[in-house]
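Notes for the one structure printed next.
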Amino acid sequence: MSTSTEHVAGVRPAGRSRRKAMSREKLVGLAAVSPSVILLLLWMAVPLAMTLYFSFQRYLLLSPGSRAFIGFENYSFFLQDPAFLMALWNTLLLVGSVLAITVIGGIGMALLLNQRFWGQGIARILAISPFFVMPTVSALIWKNLMMDPTSGFISWALASIGLQPVVWFTNWPMLSIILIVAWRWLPFATLILLTALQSLDEEQREAAEMDGAGALPYFFYIVLPHLARAITVVILIETIFLLVVFAEIFVTTNGGPGVQTTNIAFLVYSQALLQFDVGGASAGGIVAVILANIVAIFLVRLIGKNLEA
Amino acid sequence: MHNREMMARAAWGTVAWLVALVMFFPIYWMLITSFKTEGAAIATPPTFLPVHPTLENYAAVQARSNYVLFAWNSIVVAFGSTGLGLVVAVPAAWAMAFIPSKRTRGTLLWMLSTKMLPPVGVLVPIYLLFRDWGLLDTRIGLVMVVMLMNLPIVIWMLYTYFKEIPRDILESARMEGAGLWQELLYILLPISLGGIASTVLLTIILAWNESFWSLNLTASDAAPLTAFIASYSSPEGLFWAKLSAASTLAIAPILILGWFSQKQLVRGLTFGAVK
């Protein structure tokens with residue numbers, strides 16, 4: 001639509017005054033954008049540079065005298081720490097499992113909720129609600145009211161159909177975290193995919209029906225390709241948030257038992273604010289940034305493409 | 001034939017309702033538990049409606065800890081960060097939408113990329129700086145952090161709304177001799193009021209539920225509800241009904257806001273990639 005960059009101002013006085021007007025506009029534009037740019041620079045670039053700087057130092061808050069430059073020692077220590085490997089694995093496991101649950105479940109829920117049925121609007125609101133629940137609340141409600149081995153609702157439900165109750169956080173700590181986090185993000189995926197589904201052409205649907213296409217071919221050849229872009233967006237955005245899941249772990253397991261539910265975000269936190277090892281925590285932070293960047297590159301590209309369209 | 005189709009439709013509708021109820025169940029359970037006595041909250045078999053509904057848990061939440069203070073902190077952080085964010089973001093989004101330059105696209109994508117930086121990457125220096133500047137456990141500190149955290153989303157959302165405004169409208173105002181501020185205040189803001197309202201709604205929801213920084217940077221004075229609820233993770237005796245009451249109070253306002261803002265949420269959270 002409006003892709004022209006040449007007539008930025010739209011004001012078209014002749015000759016010299018026109019050029020003058022243009023440059024004045026540009027100055028105003030620059031002045032309007034720069035506060036945001038400066039703030040974001042201060043907020044991200046400066047602390048990030050500090051993290052990078054700390055990561056090459058021995059810097060223990062409890063013995064400030066021992067501060068010194070130690071090269072890559074923090075990194076080699078961090079990368080050889082079995083807790084780090086466990087945290088890396090847990091991070092990937094959490095991201096991968098929640099993505100699988102939310103994308104597959106989200107497609108199913110979006111298809112279900114996109115039908116016309118009685119009370120559709122209310123059902124939709126109920127299904128999407130978990131996304132608005134703050135992480136500390138969802139984690140504690142699940143841990144106690146739902147998953148408690150003696151009085152939790154799930155234990156009662158399992159017992160009433162003759163099954164043994166599950167001691168969730170002792171026997172399946174990571175699975176418990178995955179379920180809690182997935183409960184919050186499944187509605188997100190549903191919401192995005194539902195929005196994308198609604199733009200699917202009614203005509204296309206009717207045409208497919210006329211051609212006698214069955215439900216499955218219709219789904220695989222028309223619906224799924226139509227959703228491809230939205231699915232990509234869901235995967236990328238969820239990955240950004242799932243890489244740094246923190247509150248759910250903080251209030252339920254505190255990373256335990258042992259380090260069984262420690263992800264990289266939690267490891268960095270415990271290194272910094274529980275063990276007061278600024279250097280080590282910074283090295284962990286940089287590792288987390290690198291991980292996130294790998295995802296971010298894809299996402300920025302995808303959205304950048306969309307910006308041109 | 002026709003009949004069978006009706007049957008199938010009703011069956012799938014029922015499945016949809018079942019799924020919706022399962023998803024909502026933990027929230028329902030929390031709400032119900034908040035009206036039970038502590039004894040009834042852990043009783044087996046549980047009751048699906050409170051037999052002797054009581055409000056004592058809500059009173060106990062305030063008595064046990066100063067709930068009103070935490071709620072006030074949440075309100076200050078949500079509205080303060082949103083308001084400050086708008087002041088910075090509106091001019092930026094306006095300039096990028098209406099006076100694009102060669103750098104605009106790069107700037108937008110760079111802003112987006114700052115949102116992708118994991119907060120743990122900057123936790124250590126921010127914590128140390130806050131400690132040195134006396135900003136730990138202060139409302140102003142948390143307001144600033146949350147504002148900056150949401151700033152890229154706010155700019156992006158406003159940008160996508162501003163882009164949809166026909167440029168002619170602003171141009172004709174300028175022809176009439178409207179100055180810059182007049183153009184912003186009297187033309188742009190009224191036209192894009194809907195878009196701005198959506199942006200505000202989304203930002204408030206995100207700020208209200210923000211838990212990483214609030215858990216790490218606040219303790220008792222400036223703790224918002226997210227951090228306050230976390231204090232229930234080390235229980236003292238029977239506490240489920242009180243936890244439920246505190247949780248219900250904490251999520252109710254945002255749940256209701258969220259119901260009204262589903263569409264805008266999609267747009268904001270996908271940076272305009274899905275509308």
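By order of appearance in the structure tokens: chains A, B, ..., then residues from 1 within every chain, and ligands from 1 in the order shown.
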Skip segment 104-108 of chain B itself and residues of its chain fewer than 4 positions away, then list as a ChimeraX atom specification all residues within 12 Å of it, counting only C-alpha atoms. /A:5,26,29-30,33-34,36-38,40-41,300-301,303-308 /B:89,92-100,112-115,151-160,271
Contacts of chain B with chain A up to 6 Å, shortest pair per row, only C-alpha atoms, as a Markdown table:
```
| residue | atom | partner | partner_atom | distance |
| --- | --- | --- | --- | --- |
| B:Gly13 | CA | A:Phe117 | CA | 5.2 |
| B:Ala16 | CA | A:Leu112 | CA | 5.2 |
| B:Trp17 | CA | A:Ala123 | CA | 5.9 |
| B:Ala20 | CA | A:Ala127 | CA | 4.3 |
| B:Met23 | CA | A:Ala127 | CA | 5.4 |
| B:Phe24 | CA | A:Leu126 | CA | 5.5 |
| B:Ile42 | CA | A:Ser151 | CA | 5.3 |
| B:Pro91 | CA | A:Ala32 | CA | 5.0 |
| B:Ala92 | CA | A:Val33 | CA | 4.1 |
| B:Ala95 | CA | A:Gly29 | CA | 4.9 |
| B:Ile99 | CA | A:Val8 | CA | 5.6 |
| B:Pro118 | CA | A:Val289 | CA | 6.0 |
| B:Val120 | CA | A:Gly285 | CA | 5.5 |
| B:Gly121 | CA | A:Gly285 | CA | 4.1 |
| B:Val122 | CA | A:Pro47 | CA | 5.5 |
| B:Pro125 | CA | A:Pro47 | CA | 5.6 |
| B:Asn209 | CA | A:Met134 | CA | 4.7 |
| B:Thr226 | CA | A:Thr136 | CA | 6.0 |
| B:Ala230 | CA | A:Thr136 | CA | 5.8 |
| B:Ser233 | CA | A:Val251 | CA | 5.4 |
| B:Ser247 | CA | A:Val137 | CA | 5.9 |
| B:Ile251 | CA | A:Val133 | CA | 5.9 |
| B:Leu255 | CA | A:Phe132 | CA | 5.5 |
| B:Val266 | CA | A:Ile192 | CA | 5.8 |
```
Would you mind listing what lies within 9 Å of Trp213 of chain B as an mmCIF file with N, CA and C atoms, in the first residue's frame, with only C-alpha atoms counted and same-chain residues fewer than 4 positions away left out?
```cif
data_model
loop_
_atom_site.group_PDB
_atom_site.id
_atom_site.type_symbol
_atom_site.label_atom_id
_atom_site.label_comp_id
_atom_site.auth_asym_id
_atom_site.auth_seq_id
_atom_site.Cartn_x
_atom_site.Cartn_y
_atom_site.Cartn_z
ATOM 1 N N PRO B 119 16.315 -12.034 30.157
ATOM 2 C CA PRO B 119 16.610 -11.176 31.307
ATOM 3 C C PRO B 119 17.765 -11.682 32.166
ATOM 4 N N LEU B 123 20.703 -9.784 34.401
ATOM 5 C CA LEU B 123 20.292 -9.805 35.817
ATOM 6 C C LEU B 123 21.398 -9.302 36.745
ATOM 7 N N LEU B 142 11.228 -0.719 40.007
ATOM 8 C CA LEU B 142 10.484 -1.752 39.293
ATOM 9 C C LEU B 142 9.683 -1.147 38.130
ATOM 10 N N VAL B 145 12.070 -0.712 35.237
ATOM 11 C CA VAL B 145 12.452 -1.977 34.609
ATOM 12 C C VAL B 145 11.309 -2.540 33.760
ATOM 13 N N VAL B 146 10.117 -2.527 34.326
ATOM 14 C CA VAL B 146 8.979 -3.090 33.589
ATOM 15 C C VAL B 146 8.662 -2.232 32.364
ATOM 16 N N LEU B 217 14.060 -8.321 42.223
ATOM 17 C CA LEU B 217 14.438 -6.960 42.605
ATOM 18 C C LEU B 217 13.632 -6.405 43.773
ATOM 19 N N THR B 218 12.584 -7.104 44.207
ATOM 20 C CA THR B 218 11.797 -6.562 45.301
ATOM 21 C C THR B 218 11.780 -7.546 46.473
#
```
Show me, as an MDAnalysis selection string, the residues that have an atom within 8 Å of segment 74-86 of chain A when counting only C-alpha atoms, minus same-chain residues fewer than 2 positions from it. chainID A and resid 55:58 70:72 88:90 259:260 262:264 267 279:280 283:284
Calculate how many Å separate atom CA of Thr199 of chain B from atom CA of Ile107 of chain A, rounding to one decimal.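 That distance, rounded to one decimal, is 26.5 Å.
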Just the alpha helix (DSSP H) stuff from segment 50-231 of chain B, please, per backbone DSSP, written as a ChimeraX atom specification. /B:56-64,67-98,104-115,120-133,139-163,167-175,180-182,189-191,193-209,212-217,225-230
Based on DSSP run over this structure's backbone, return all residues of segment 30-223 of chain A in strand (DSSP E or B), as a PDB file with N, CA and C atoms, in the first residue's frame.
```
ATOM      1  N   GLN A  57      35.910 -12.268  34.917  1.00  0.00           N
ATOM      2  CA  GLN A  57      36.549 -11.921  36.184  1.00  0.00           C
ATOM      3  C   GLN A  57      36.217 -12.922  37.284  1.00  0.00           C
ATOM      4  N   ARG A  58      37.151 -13.049  38.222  1.00  0.00           N
ATOM      5  CA  ARG A  58      36.779 -13.694  39.472  1.00  0.00           C
ATOM      6  C   ARG A  58      36.153 -12.592  40.316  1.00  0.00           C
ATOM      7  N   LEU A  60      33.577 -12.423  43.503  1.00  0.00           N
ATOM      8  CA  LEU A  60      32.703 -13.025  44.508  1.00  0.00           C
ATOM      9  C   LEU A  60      32.242 -11.928  45.442  1.00  0.00           C
ATOM     10  N   ALA A  68      39.600 -10.328  40.216  1.00  0.00           N
ATOM     11  CA  ALA A  68      40.716 -10.299  39.273  1.00  0.00           C
ATOM     12  C   ALA A  68      40.271 -10.803  37.914  1.00  0.00           C
ATOM     13  N   PHE A  69      41.053 -10.434  36.889  1.00  0.00           N
ATOM     14  CA  PHE A  69      40.763 -10.923  35.546  1.00  0.00           C
ATOM     15  C   PHE A  69      41.246 -12.358  35.417  1.00  0.00           C
TER      16      PHE A  69
END
```
Quick one: residues within 12 Å of Leu136 of chain B, only C-alpha atoms, excluding same-chain residues fewer than 2 positions away - as a count of residues only? 28
